[in-house]
Structures are given as C-alpha cells and as structure tokens.
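With TSV, C-alpha atoms and all ligand atoms inside, this is my_file.tsv:
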```
chain	number	residue	atom	x	y	z
S	782	MET	CA	61.50	41.96	-233.09
S	783	SER	CA	63.08	39.80	-230.36
S	784	THR	CA	66.07	37.51	-230.58
S	785	TYR	CA	65.99	34.10	-228.93
S	786	LEU	CA	68.61	31.46	-228.27
S	787	PHE	CA	67.44	27.87	-228.49
S	788	ILE	CA	69.48	24.99	-227.07
S	789	LEU	CA	68.85	22.02	-229.33
S	790	GLY	CA	68.15	18.45	-228.22
S	791	LYS	CA	70.08	15.31	-229.06
S	792	ASP	CA	69.04	15.37	-232.75
S	793	PRO	CA	69.94	18.98	-233.55
S	794	ARG	CA	69.05	18.82	-237.26
S	795	LEU	CA	65.57	17.51	-236.47
S	796	SER	CA	65.19	20.18	-233.76
S	797	LEU	CA	66.20	22.86	-236.24
S	798	ALA	CA	63.77	21.51	-238.87
S	799	GLU	CA	61.01	21.72	-236.25
S	800	LEU	CA	61.86	25.36	-235.47
S	801	TYR	CA	61.86	26.26	-239.18
S	802	ALA	CA	58.42	24.67	-239.56
S	803	ALA	CA	57.00	26.19	-236.36
S	804	TYR	CA	58.32	29.71	-237.12
S	805	PRO	CA	58.30	30.07	-240.90
S	806	ASP	CA	58.60	33.89	-240.72
S	807	ALA	CA	61.52	33.90	-238.30
S	808	LEU	CA	65.08	34.75	-239.29
S	809	PHE	CA	67.60	32.09	-238.35
S	810	HIS	CA	70.96	33.77	-238.37
S	811	GLU	CA	73.33	31.48	-236.51
S	812	PHE	CA	73.37	27.78	-236.21
S	813	GLU	CA	75.85	25.60	-234.45
S	814	ASP	CA	75.33	21.95	-233.55
S	815	ALA	CA	74.10	22.76	-230.08
S	816	PHE	CA	72.14	26.00	-230.53
S	817	VAL	CA	70.38	28.38	-232.88
S	818	VAL	CA	69.84	32.14	-232.78
S	819	MET	CA	66.45	33.22	-234.10
S	820	ASP	CA	64.77	36.61	-234.66
S	821	THR	CA	61.01	36.73	-234.59
S	822	SER	CA	58.22	39.23	-234.10
S	823	ASN	CA	56.32	36.58	-232.08
S	824	LYS	CA	56.50	36.85	-228.31
S	825	LEU	CA	57.74	33.49	-227.08
S	826	ASN	CA	57.22	32.18	-223.56
S	827	GLN	CA	57.05	28.91	-221.64
S	828	ALA	CA	53.64	28.06	-223.15
S	829	THR	CA	54.84	28.47	-226.76
S	830	PHE	CA	58.04	26.63	-225.87
S	831	ASP	CA	56.04	23.69	-224.45
S	832	ARG	CA	54.68	23.02	-227.95
S	833	LEU	CA	58.17	22.21	-229.25
S	834	GLY	CA	59.62	18.72	-228.87
S	835	GLY	CA	63.22	19.18	-229.97
S	836	VAL	CA	64.58	21.99	-227.81
S	837	LEU	CA	65.92	21.93	-224.26
S	838	LYS	CA	66.10	25.57	-223.24
S	839	MET	CA	65.24	28.98	-224.61
S	840	GLY	CA	66.74	32.31	-223.66
S	841	GLU	CA	66.18	35.90	-224.73
S	842	LEU	CA	69.29	37.46	-226.17
S	843	SER	CA	70.71	40.18	-223.93
S	844	ALA	CA	74.03	40.82	-225.69
S	845	GLN	CA	76.20	39.79	-228.63
S	846	VAL	CA	79.84	40.48	-227.86
S	847	GLU	CA	83.46	39.66	-228.65
S	848	LYS	CA	85.56	37.78	-226.10
S	849	SER	CA	87.03	40.98	-224.61
S	850	GLU	CA	83.55	42.20	-223.61
S	851	LEU	CA	82.25	38.83	-222.42
S	852	SER	CA	82.81	39.22	-218.71
S	853	GLN	CA	81.13	42.68	-218.53
S	854	ALA	CA	78.17	41.43	-220.60
S	855	LEU	CA	77.76	38.47	-218.25
S	856	ILE	CA	77.71	40.71	-215.18
S	857	GLU	CA	75.09	42.94	-216.80
S	858	ALA	CA	72.91	39.96	-217.73
S	859	LEU	CA	73.21	38.51	-214.24
S	860	LEU	CA	72.35	41.72	-212.46
S	861	SER	CA	69.60	42.97	-214.78
S	862	ASP	CA	66.81	41.69	-212.48
S	863	HIS	CA	68.73	41.38	-209.24
S	864	GLN	CA	67.20	43.31	-206.36
S	865	SER	CA	69.11	42.58	-203.18
S	866	GLY	CA	70.38	39.69	-201.09
S	867	LYS	CA	72.47	36.76	-202.17
S	868	LEU	CA	72.51	36.20	-205.93
S	869	GLN	CA	71.96	32.59	-206.98
S	870	TYR	CA	72.69	31.82	-210.60
S	871	GLY	CA	73.88	29.29	-213.12
S	872	VAL	CA	75.81	29.58	-216.38
S	873	SER	CA	75.76	27.12	-219.29
S	874	VAL	CA	77.98	27.23	-222.36
S	875	TYR	CA	77.30	25.94	-225.87
S	876	GLY	CA	79.52	26.02	-228.92
S	877	LEU	CA	82.59	26.27	-226.65
S	878	PRO	CA	84.19	23.60	-224.49
S	879	GLU	CA	82.41	23.00	-221.19
S	880	GLY	CA	85.90	23.03	-219.62
S	881	GLU	CA	85.96	26.83	-220.05
S	882	LEU	CA	83.14	27.16	-217.53
S	883	LYS	CA	85.46	26.86	-214.56
S	884	THR	CA	87.49	29.96	-215.45
S	885	LEU	CA	84.34	31.86	-216.36
S	886	LEU	CA	82.53	31.02	-213.11
S	887	ILE	CA	85.52	31.80	-210.90
S	888	GLY	CA	86.10	35.09	-212.74
S	889	LEU	CA	82.43	36.06	-212.36
S	890	LYS	CA	82.42	35.23	-208.67
S	891	LYS	CA	85.47	37.47	-208.15
S	892	ARG	CA	83.92	40.38	-210.02
S	893	LEU	CA	80.69	40.07	-208.06
S	894	LYS	CA	82.63	39.96	-204.80
S	895	SER	CA	84.57	43.10	-205.65
S	896	ALA	CA	81.22	44.80	-206.34
S	897	SER	CA	80.15	43.64	-202.82
S	898	ILE	CA	77.51	41.26	-204.17
S	899	SER	CA	77.35	37.98	-202.36
S	900	SER	CA	76.67	35.18	-204.82
S	901	ARG	CA	76.52	31.42	-205.31
S	902	PHE	CA	76.55	29.57	-208.60
S	903	ALA	CA	74.56	26.36	-208.95
S	904	ASN	CA	76.84	24.63	-211.47
S	905	GLN	CA	78.03	21.36	-209.97
S	906	ASN	CA	81.61	20.36	-210.82
S	907	PHE	CA	81.73	23.31	-213.24
S	908	LYS	CA	79.30	21.57	-215.62
S	909	ASN	CA	76.36	23.05	-217.56
S	910	LEU	CA	73.06	23.15	-215.71
S	911	SER	CA	70.68	20.33	-216.56
S	912	VAL	CA	67.02	21.13	-217.13
S	913	ALA	CA	66.25	19.56	-213.72
S	914	GLN	CA	68.89	21.72	-211.99
S	915	LYS	CA	67.46	24.86	-213.59
S	916	LYS	CA	64.08	23.96	-212.08
S	917	GLY	CA	65.46	24.14	-208.55
S	918	LEU	CA	67.39	27.36	-209.16
S	919	LYS	CA	66.14	30.54	-207.46
S	920	GLY	CA	67.86	32.93	-209.81
S	921	PRO	CA	68.85	33.36	-213.44
S	922	GLU	CA	70.55	30.86	-215.72
S	923	ILE	CA	72.73	32.60	-218.27
S	924	LEU	CA	73.48	31.00	-221.64
S	925	ILE	CA	76.74	31.68	-223.46
S	926	CYS	CA	76.66	30.48	-227.06
S	927	GLN	CA	79.79	30.89	-229.17
S	928	SER	CA	79.85	31.05	-232.94
S	929	GLY	CA	83.20	32.07	-234.45
S	930	THR	CA	84.39	35.20	-232.66
S	931	GLN	CA	80.92	36.08	-231.45
S	932	TYR	CA	79.41	35.28	-228.05
S	933	PHE	CA	75.63	35.34	-227.74
S	934	ILE	CA	74.45	35.89	-224.18
S	935	GLY	CA	70.93	35.22	-223.03
S	936	LYS	CA	68.89	34.63	-219.95
S	937	VAL	CA	66.85	31.41	-219.86
S	938	THR	CA	63.11	32.11	-220.06
S	939	ALA	CA	61.79	28.58	-220.76
S	940	THR	CA	62.98	25.03	-220.25
S	941	GLN	CA	61.72	21.62	-221.26
S	942	ASP	CA	59.04	20.57	-218.78
S	943	ILE	CA	60.41	17.14	-217.88
S	944	ASP	CA	57.66	16.45	-215.33
S	945	ALA	CA	54.89	17.09	-217.83
S	946	TYR	CA	56.60	14.77	-220.36
S	947	SER	CA	56.96	11.94	-217.91
S	948	LYS	CA	53.37	12.42	-216.72
S	949	ARG	CA	51.93	12.03	-220.22
S	950	ASP	CA	54.39	9.28	-221.12
S	951	TYR	CA	53.97	7.13	-217.99
S	952	ASP	CA	50.65	8.09	-216.37
S	953	LYS	CA	48.39	7.65	-219.40
S	954	PRO	CA	45.98	4.74	-218.96
S	955	PHE	CA	46.91	2.73	-222.07
S	956	ARG	CA	50.51	1.72	-222.73
S	957	SER	CA	51.50	-1.16	-224.96
S	958	MET	CA	55.02	-2.33	-225.77
S	959	LYS	CA	53.53	-4.29	-228.65
S	960	VAL	CA	52.02	-1.28	-230.38
S	961	GLY	CA	55.26	0.58	-229.83
S	962	MET	CA	55.74	3.79	-228.02
S	963	LEU	CA	56.36	6.95	-229.89
S	964	PRO	CA	58.23	9.38	-227.61
S	965	PRO	CA	55.98	12.43	-227.00
S	966	LYS	CA	58.84	14.74	-228.05
S	967	LEU	CA	59.11	13.08	-231.47
S	968	ALA	CA	55.30	13.21	-231.79
S	969	GLN	CA	55.46	16.98	-231.19
S	970	ILE	CA	58.18	17.35	-233.82
S	971	LEU	CA	56.07	15.43	-236.37
S	972	VAL	CA	53.03	17.60	-235.60
S	973	ASN	CA	55.07	20.80	-235.97
S	974	LEU	CA	56.72	19.67	-239.20
S	975	THR	CA	53.28	19.75	-240.88
S	976	GLY	CA	53.45	23.55	-240.62
S	977	VAL	CA	49.65	23.78	-240.14
S	978	GLU	CA	47.58	24.95	-237.19
S	979	GLY	CA	44.39	23.17	-238.30
S	980	ALA	CA	43.31	19.54	-237.90
S	981	ILE	CA	45.80	16.72	-238.53
S	982	TRP	CA	45.03	13.06	-239.29
S	983	ASP	CA	47.17	10.23	-237.91
S	984	PRO	CA	46.20	7.16	-240.00
S	985	PHE	CA	48.34	4.73	-237.90
S	986	CYS	CA	47.47	6.21	-234.51
S	987	GLY	CA	48.15	3.16	-232.29
S	988	GLY	CA	47.82	4.22	-228.65
S	989	GLY	CA	47.31	7.80	-229.75
S	990	VAL	CA	50.53	9.55	-228.69
S	991	LEU	CA	50.60	11.84	-231.72
S	992	VAL	CA	46.89	12.59	-231.37
S	993	MET	CA	47.48	13.52	-227.71
S	994	GLU	CA	50.37	15.83	-228.56
S	995	GLY	CA	48.37	17.48	-231.33
S	996	LEU	CA	45.52	18.11	-228.87
S	997	LEU	CA	47.94	19.58	-226.33
S	998	SER	CA	49.19	22.01	-228.98
S	999	GLY	CA	45.61	23.23	-229.46
S	1000	ARG	CA	44.93	21.49	-232.76
S	1001	ASP	CA	41.87	19.34	-233.44
S	1002	MET	CA	42.95	15.82	-234.32
S	1003	LEU	CA	41.78	12.75	-236.21
S	1004	GLY	CA	43.23	9.35	-235.48
S	1005	SER	CA	42.55	5.96	-237.00
S	1006	ASP	CA	43.95	2.47	-236.76
S	1007	ILE	CA	43.12	-0.94	-238.15
S	1008	ASN	CA	43.14	-2.55	-234.70
S	1009	THR	CA	39.97	-2.18	-232.59
S	1010	ARG	CA	41.62	-2.92	-229.25
S	1011	THR	CA	44.45	-0.45	-229.82
S	1012	LEU	CA	41.90	2.13	-230.83
S	1013	GLU	CA	40.01	1.60	-227.57
S	1014	GLY	CA	43.30	2.25	-225.75
S	1015	ALA	CA	43.84	5.40	-227.79
S	1016	GLN	CA	40.34	6.55	-226.88
S	1017	ARG	CA	41.11	6.14	-223.17
S	1018	ASN	CA	44.41	8.02	-223.57
S	1019	VAL	CA	42.74	10.86	-225.42
S	1020	GLU	CA	40.00	11.22	-222.81
S	1021	TRP	CA	42.65	11.17	-220.09
S	1022	VAL	CA	44.82	13.88	-221.67
S	1023	ARG	CA	41.83	16.13	-222.41
S	1024	GLN	CA	40.68	15.89	-218.80
S	1025	GLU	CA	44.09	15.99	-217.13
S	1026	PHE	CA	45.27	19.06	-219.10
S	1027	ASN	CA	41.84	20.68	-219.34
S	1028	LEU	CA	41.89	20.86	-223.15
S	1029	SER	CA	39.18	22.24	-225.40
S	1030	SER	CA	40.65	20.87	-228.66
S	1031	GLN	CA	38.73	17.89	-230.07
S	1032	ALA	CA	39.76	14.44	-231.28
S	1033	GLU	CA	37.86	11.96	-233.42
S	1034	LEU	CA	39.11	8.37	-233.43
S	1035	PHE	CA	37.81	5.74	-235.84
S	1036	GLU	CA	38.64	2.29	-237.16
S	1037	HIS	CA	40.14	2.45	-240.62
S	1038	ASP	CA	42.52	0.47	-242.81
S	1039	ALA	CA	45.01	2.99	-244.20
S	1040	THR	CA	45.18	1.08	-247.49
S	1041	HIS	CA	41.47	1.75	-248.10
S	1042	LEU	CA	39.75	4.84	-249.48
S	1043	VAL	CA	40.77	8.04	-247.63
S	1044	PRO	CA	37.97	8.94	-245.18
S	1045	GLN	CA	35.76	11.88	-246.09
S	1046	LYS	CA	36.76	14.01	-243.12
S	1047	LYS	CA	38.25	17.45	-242.72
S	1048	PHE	CA	41.98	17.67	-242.06
S	1049	GLU	CA	44.75	19.95	-243.33
S	1050	ALA	CA	47.74	17.65	-242.95
S	1051	ILE	CA	48.72	14.08	-242.17
S	1052	ALA	CA	51.34	13.08	-239.61
S	1053	PHE	CA	52.16	9.62	-238.39
S	1054	GLU	CA	54.64	7.15	-237.08
S	1055	GLY	CA	54.08	4.25	-239.42
S	1056	TYR	CA	53.60	0.62	-238.68
S	1057	LEU	CA	57.06	-0.81	-237.90
S	1058	GLY	CA	56.24	-4.47	-238.53
S	1059	VAL	CA	56.37	-7.19	-235.88
S	1060	PRO	CA	58.50	-6.04	-232.93
S	1061	GLN	CA	62.18	-7.00	-233.33
S	1062	THR	CA	63.71	-8.79	-230.36
S	1063	ARG	CA	67.19	-9.27	-231.78
S	1064	MET	CA	69.24	-7.91	-234.64
S	1065	GLY	CA	68.27	-9.81	-237.79
S	1066	SER	CA	70.33	-10.47	-240.88
S	1067	GLU	CA	69.68	-8.76	-244.20
S	1068	ARG	CA	67.96	-11.96	-245.43
S	1069	GLU	CA	65.64	-12.02	-242.40
S	1070	ILE	CA	64.69	-8.34	-242.62
S	1071	ARG	CA	64.05	-8.27	-246.39
S	1072	PRO	CA	60.54	-9.87	-246.26
S	1073	LEU	CA	59.54	-7.43	-243.50
S	1074	ILE	CA	60.67	-4.51	-245.65
S	1075	SER	CA	58.68	-5.87	-248.62
S	1076	GLU	CA	55.54	-6.13	-246.45
S	1077	LEU	CA	55.95	-2.55	-245.20
S	1078	ASP	CA	56.74	-1.27	-248.71
S	1079	ARG	CA	53.43	-2.73	-249.96
S	1080	LEU	CA	51.52	-1.11	-247.07
S	1081	TYR	CA	52.92	2.37	-247.66
S	1082	ILE	CA	52.67	2.20	-251.44
S	1083	GLU	CA	48.98	1.33	-251.12
S	1084	PHE	CA	48.43	4.07	-248.53
S	1085	PHE	CA	50.03	6.72	-250.77
S	1086	HIS	CA	48.13	5.35	-253.74
S	1087	GLN	CA	44.89	6.12	-251.86
S	1088	LEU	CA	46.11	9.63	-251.05
S	1089	LYS	CA	46.82	10.14	-254.76
S	1090	ILE	CA	43.30	8.97	-255.68
S	1091	ALA	CA	41.90	11.39	-253.07
S	1092	GLN	CA	44.20	14.10	-254.50
S	1093	PHE	CA	45.26	15.06	-250.99
S	1094	LYS	CA	47.34	18.21	-251.35
S	1095	GLY	CA	48.44	18.87	-247.76
S	1096	SER	CA	51.74	18.01	-246.06
S	1097	ILE	CA	52.30	14.36	-245.18
S	1098	VAL	CA	54.85	13.98	-242.40
S	1099	ALA	CA	55.90	10.37	-241.90
S	1100	ALA	CA	58.28	8.68	-239.49
S	1101	LEU	CA	59.05	5.43	-241.28
S	1102	PRO	CA	61.15	2.58	-239.91
S	1103	PHE	CA	64.69	1.61	-240.81
S	1104	PHE	CA	66.39	-1.47	-239.44
S	1105	ARG	CA	69.83	-2.12	-238.04
S	1106	VAL	CA	70.98	-5.44	-239.49
S	1107	ARG	CA	73.81	-7.79	-238.67
S	1108	ASP	CA	75.66	-7.92	-241.94
S	1109	ARG	CA	75.05	-4.34	-243.07
S	1110	ALA	CA	74.76	-1.07	-241.19
S	1111	GLU	CA	71.13	-0.17	-241.91
S	1112	MET	CA	68.26	-1.11	-244.21
S	1113	GLY	CA	65.48	1.37	-245.01
S	1114	LEU	CA	62.21	0.96	-246.89
S	1115	THR	CA	62.64	0.81	-250.62
S	1116	CYS	CA	59.20	2.28	-251.43
S	1117	ILE	CA	60.30	5.93	-251.14
S	1118	ASN	CA	61.29	6.15	-254.82
S	1119	GLU	CA	58.04	4.55	-255.91
S	1120	ILE	CA	56.06	7.02	-253.79
S	1121	ARG	CA	58.00	9.86	-255.43
S	1122	GLU	CA	57.27	8.44	-258.87
S	1123	MET	CA	53.54	8.53	-258.00
S	1124	GLY	CA	53.93	12.32	-257.79
S	1125	PHE	CA	54.67	12.89	-254.11
S	1126	GLU	CA	57.60	15.25	-253.78
S	1127	LEU	CA	59.92	15.03	-250.84
S	1128	GLU	CA	60.26	18.46	-249.28
S	1129	SER	CA	63.60	19.42	-247.81
S	1130	LEU	CA	63.27	19.62	-244.04
S	1131	LEU	CA	66.06	22.18	-243.76
S	1132	PRO	CA	66.45	25.14	-246.11
S	1133	GLN	CA	69.65	25.43	-248.15
S	1134	SER	CA	70.34	21.76	-247.69
S	1135	ARG	CA	69.36	18.57	-249.38
S	1136	SER	CA	68.01	16.99	-246.19
S	1137	LEU	CA	65.13	15.06	-247.70
S	1138	SER	CA	64.91	12.97	-244.57
S	1139	LEU	CA	66.27	13.07	-241.02
S	1140	LYS	CA	66.94	10.08	-238.82
S	1141	TYR	CA	65.89	9.62	-235.21
S	1142	ALA	CA	67.36	6.63	-233.36
S	1143	ARG	CA	69.22	5.75	-230.21
S	1144	ALA	CA	72.48	3.87	-230.64
S	1145	ASP	CA	71.04	0.68	-229.09
S	1146	GLN	CA	67.77	0.58	-231.08
S	1147	LEU	CA	67.14	-2.21	-233.59
S	1148	VAL	CA	64.51	-0.14	-235.38
S	1149	GLY	CA	64.99	3.58	-235.95
S	1150	ARG	CA	62.70	6.15	-237.52
S	1151	GLU	CA	63.40	8.23	-240.57
S	1152	VAL	CA	61.34	11.39	-240.91
S	1153	PHE	CA	60.08	12.52	-244.34
S	1154	ARG	CA	57.72	15.26	-245.51
S	1155	PHE	CA	55.86	14.57	-248.75
S	1156	LYS	CA	53.54	16.73	-250.81
S	1157	LEU	CA	51.60	15.74	-253.89
S	1158	ASN	CA	52.85	17.68	-256.90
S	1159	LEU	CA	49.84	18.03	-259.19
Z	1	LIG	C1	53.99	1.71	-234.54
Z	1	LIG	S1	52.29	1.70	-234.29
Z	1	LIG	C2	51.99	3.39	-234.05
Z	1	LIG	C3	52.23	3.72	-232.65
Z	1	LIG	C4	51.69	5.04	-232.28
Z	1	LIG	N1	52.44	6.11	-232.94
Z	1	LIG	C5	51.72	5.18	-230.79
Z	1	LIG	O1	52.59	5.89	-230.28
Z	1	LIG	O2	50.96	4.52	-230.12
Z	1	LIG	C6	51.60	1.36	-235.81
Z	1	LIG	C7	50.10	1.15	-235.80
Z	1	LIG	O3	49.73	0.92	-237.17
Z	1	LIG	C8	48.58	0.09	-237.15
Z	1	LIG	N2	48.40	-0.47	-238.50
Z	1	LIG	C9	49.09	-1.46	-239.11
Z	1	LIG	N3	48.59	-1.64	-240.35
Z	1	LIG	C10	47.62	-0.73	-240.54
Z	1	LIG	C11	46.75	-0.41	-241.61
Z	1	LIG	N4	46.78	-1.08	-242.76
Z	1	LIG	N5	45.87	0.60	-241.44
Z	1	LIG	C12	45.82	1.29	-240.28
Z	1	LIG	N6	46.58	1.01	-239.23
Z	1	LIG	C13	47.48	0.03	-239.35
Z	1	LIG	C14	48.87	-0.91	-236.06
Z	1	LIG	O4	47.66	-1.47	-235.58
Z	1	LIG	C15	49.61	-0.06	-235.03
Z	1	LIG	O5	48.72	0.37	-234.02
```
Would you mind writing the file's structure down as structure tokens?
Amino acid sequence: MSTYLFILGKDPRLSLAELYAAYPDALFHEFEDAFVVMDTSNKLNQATFDRLGGVLKMGELSAQVEKSELSQALIEALLSDHQSGKLQYGVSVYGLPEGELKTLLIGLKKRLKSASISSRFANQNFKNLSVAQKKGLKGPEILICQSGTQYFIGKVTATQDIDAYSKRDYDKPFRSMKVGMLPPKLAQILVNLTGVEGAIWDPFCGGGVLVMEGLLSGRDMLGSDINTRTLEGAQRNVEWVRQEFNLSSQAELFEHDATHLVPQKKFEAIAFEGYLGVPQTRMGSEREIRPLISELDRLYIEFFHQLKIAQFKGSIVAALPFFRVRDRAEMGLTCINEIREMGFELESLLPQSRSLSLKYARADQLVGREVFRFKLNL
C-alpha cells in the first residue's frame, strides 16, 4: 500500500469526484479544499497521472508529522535522494497560508547550511512552485499539506503535462469556435467519471475532444454527431491524435441523431458534453434564455427516452449547460426531474455527500457546464 498526495485543480470537488471514480478501491483519508491524501495498492506514476484531468501535482507521502517535527521531516525528505553537489529544490504548501513559506524556506536553508550542504530553492518571491517552474527544476519539489494538527509531507513524482495539453488543444487539425471547445481536462474528467475501462460512446461528439481523450487513456471510443461537417473534423482530429501519440486504441465515428434509436454498437458507458444551443454572444435575460432551455430540454428528454427504450444500463456522464442571465444568477435545464422520473437515477459524484451534480465554469463564462452521472434503475 502506498500513500499519495494529490494537489487538486481549480474545481476541487470535481477533481475529487474524478479520483473517487478512477480509484474506487483506494482509501481517501484526508481532504482539504486544495489536496487529498489517498492510500492505494496501485503503483502510480506520471503515465497514470496523465490520465487524470483534475489534478495538478502528485507526491508520494514520506512523512506525517506534527508541527514540532516538521523541519526535521522536511530535511529528511529533501536529502533522501541527494548525492552530492549543490542541492536545488522547491517547497509548496497547501492547506496553510502561502505566507508561511518564507519562514519555512529560510529555516530550511539555515539547517542545510549548518550541515554544510550548499543549496538553492527555486521558489520565486516565496510563492508555491507552478507546474511550469517544477518542470525546470533539477531537484526535488516537496509538498507540505496541512490538515488540522497534521502535516503531510511528500515528494512530487508527477505533474500536469502542460505542454501535452496545449499540443492537443491547439495543434489538432480541426478547431471550431462554433461547435464549442471542451477543455481536454474536463473531457478526461468526464471519461473517468464513467468508472469503466471499456468502450465509451459520445453521442454529441462535435470535434471529438472527448473521443480523443478517451483514446489517449487507452479506451476504445465511439463518437457520433448529427452534423456531417463537424464529424469530418472529428475524424481528422482522431486520426491526428492516434498518429501523434502513437495510440493503438480504436475509434469509430458515425453520423447519428441522438434523439433516434440507440445504435446497435458495443459500449459500456456514455459520456458527453451536450449540445449547448446557439453560441451566446452576450448575457441574455431570463425571457430570452427560456426558449433555448425548452429546446434543449426536448433534445435531452428524447435522447434519454431512447436510452430507456434500449434499456441501457451503463453509466451516463453528462456535462449539460447552464446559463448566466441578466436578471437572475443562473438558469439550468429543467428536464433533469423528467429524466429522473423516466427511471434514470442521479448518482452522487462524491460519497457521503448529496452532490448529485457539480458545476464547472469560469467566472466570465455566459454558459457553464453542470456534470451529472445517471444510471437507469430497472
Ligand atoms: C457543444 S458541441 C460538443 C462539442 C464537443 N464536446 C467538442 O469538444 O468538440 C455539441 C454537438 O452536438 C451536436 N448535436 C446537436 N444536436 C444533436 C443531435 N440531435 N444528435 C447528435 N448530435 C447533435 C452538434 O452538432 C454539436 O457538434
């Protein structure tokens, strides 16, 4: 059994839900807004980490201590792999104020000096290391995560591969503002929330971001869309990602209206970012948004109706739109209750909580996404 520290991304609850789904047998024994401590018998490395969309850094736990033992534990973690020469390192703190870094770093430097070890820390202005700074670091980054009186210390073993994300986000051959662009990280989260390793179907695949991320995770994928031109773009993207990343996983893309009979193909789960309606260029009023919501409600009710007819029993992970409106804070789809009445249960995305959905939106976005996981209760 190994213990790992995960530093969560900007939507920590969604990141935690992803970890629960990706590691159903793991023991999650601490959770603060910024990090989680997880025990698992799986051996985790950069490759397994790259399949996750919601986490920034991962470290292996080296010590769990009280404040009085913190400084000694930090020295031990720093020196555990140090051979000789100047020690370069970084320290990042979570669950405690970043302002405490200054005292910690100066104290560490003094202790290293008195042990005749020449050292240099990479923290600029006594701030946490960014993922990009960690990349350029020729030495360890130590994580200090505080929960109550306990300090969890770990050495970073994997970080978010920002170059790989921007490559697949910006270098892919087909990009369309009109179709909308699902961030690859959210696509990974949706894929992982299905909890399956087998084939997944994206019935609203657009330019194919979710299909690409599923392929990268090693899963075979199915993608369909009502729009022929978009589907051609998705096909080009899929061919590109398979070639560029040398993938052996397979994708099948086909034209299909999601409100028609469910295709007779093999898949274990469904995951999608739904159709968001015509792109919004300005914040509408409640009266303006209502017809759009009715149109989308009809689409999703018909889609779920078809899944009911097909008696599809797998997980259905959906990122559905909600709208920021002028005269009210937010307006979501109203079809969720109707879908539940059809027999689709909403599964809680986080254990011991009633989180039946989790939101993903930037403060300036007119349209956000709300993530749900449904399962037909027969
Ligand atoms: C927001 S886009 C999905 C974007 C996609 N996740 C991506 O990153 O490229 C929604 C897609 O749903 C498709 N769509 C709309 N109505 C549909 C229907 N009835 N059946 C299938 N696809 C539909 C649109 O053509 C559009 O490509």
- [ ] Enumerate residues in contact with ligand LIG 1 (chain Z): an atom-to-atom distance of at most 6 Å, counting all atoms listed in the file. Format the result as a list in words.
- [x] Val960, Gly961, Met962, Leu963, Pro984, Phe985, Cys986, Gly987, Gly988, Gly989, Val990, Asp1006, Ile1007, Asn1008, His1037, Asp1038, Ala1039, Thr1040, Glu1054, Gly1055, Tyr1056 and Leu1057 of chain S
Task: Interatomic distance (Å, one decimal) between atom CA of S:Phe1053 and atom CA of S:Val992 - done: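 Value for the atom CA of S:Phe1053-atom CA of S:Val992 distance: 9.3 Å.
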Open item on the list: So the first atom is atom CA of S:His863 and the second is atom CA of S:Leu918; what is the distance between them in Å, to one decimal place?
Closed with: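 These two atoms are separated by 14.1 Å.
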Task: Separation of atom CA of S:Lys867 from atom CA of S:Ser897 in Å - done: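 Distance reported for this atom pair: 10.3 Å.
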Open item on the list: With distances taken over all atoms listed in the file, which residue among S:Leu833, S:Leu859, S:Val818, S:Ile1097 lies nearest S:Tyr932?
Closed with: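 Nearest candidate to S:Tyr932 out of S:Leu833, S:Leu859, S:Val818, S:Ile1097: S:Val818.
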Task: Selection: 12 Å around S:Leu825, only C-alpha atoms, excl. self and same-chain fewer than 2 positions, as a PyMOL selection string - done: chain S and resi 782-787+803-804+807+819-823+827-833+839-841+937-939
Taking C-alpha atoms for each residue, export the selection above as a short mmCIF file (atom, residue, chain, number, x, y, z; two decimals), in the frame of the given file.
```
data_model
loop_
_atom_site.label_atom_id
_atom_site.label_comp_id
_atom_site.auth_asym_id
_atom_site.auth_seq_id
_atom_site.Cartn_x
_atom_site.Cartn_y
_atom_site.Cartn_z
CA MET S 782 61.50 41.96 -233.09
CA SER S 783 63.08 39.80 -230.36
CA THR S 784 66.07 37.51 -230.58
CA TYR S 785 65.99 34.10 -228.93
CA LEU S 786 68.61 31.46 -228.27
CA PHE S 787 67.44 27.87 -228.49
CA ALA S 803 57.00 26.19 -236.36
CA TYR S 804 58.32 29.71 -237.12
CA ALA S 807 61.52 33.90 -238.30
CA MET S 819 66.45 33.22 -234.10
CA ASP S 820 64.77 36.61 -234.66
CA THR S 821 61.01 36.73 -234.59
CA SER S 822 58.22 39.23 -234.10
CA ASN S 823 56.32 36.58 -232.08
CA GLN S 827 57.05 28.91 -221.64
CA ALA S 828 53.64 28.06 -223.15
CA THR S 829 54.84 28.47 -226.76
CA PHE S 830 58.04 26.63 -225.87
CA ASP S 831 56.04 23.69 -224.45
CA ARG S 832 54.68 23.02 -227.95
CA LEU S 833 58.17 22.21 -229.25
CA MET S 839 65.24 28.98 -224.61
CA GLY S 840 66.74 32.31 -223.66
CA GLU S 841 66.18 35.90 -224.73
CA VAL S 937 66.85 31.41 -219.86
CA THR S 938 63.11 32.11 -220.06
CA ALA S 939 61.79 28.58 -220.76
#
```
Task: Residue with smallest distance to S:Ala1099 - pool S:Leu1028, S:Ile970, S:Val1059, S:Leu1159, counting all atoms listed in the file - done: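 Once distances to S:Ala1099 are computed over all atoms listed in the file, the minimum belongs to S:Ile970.
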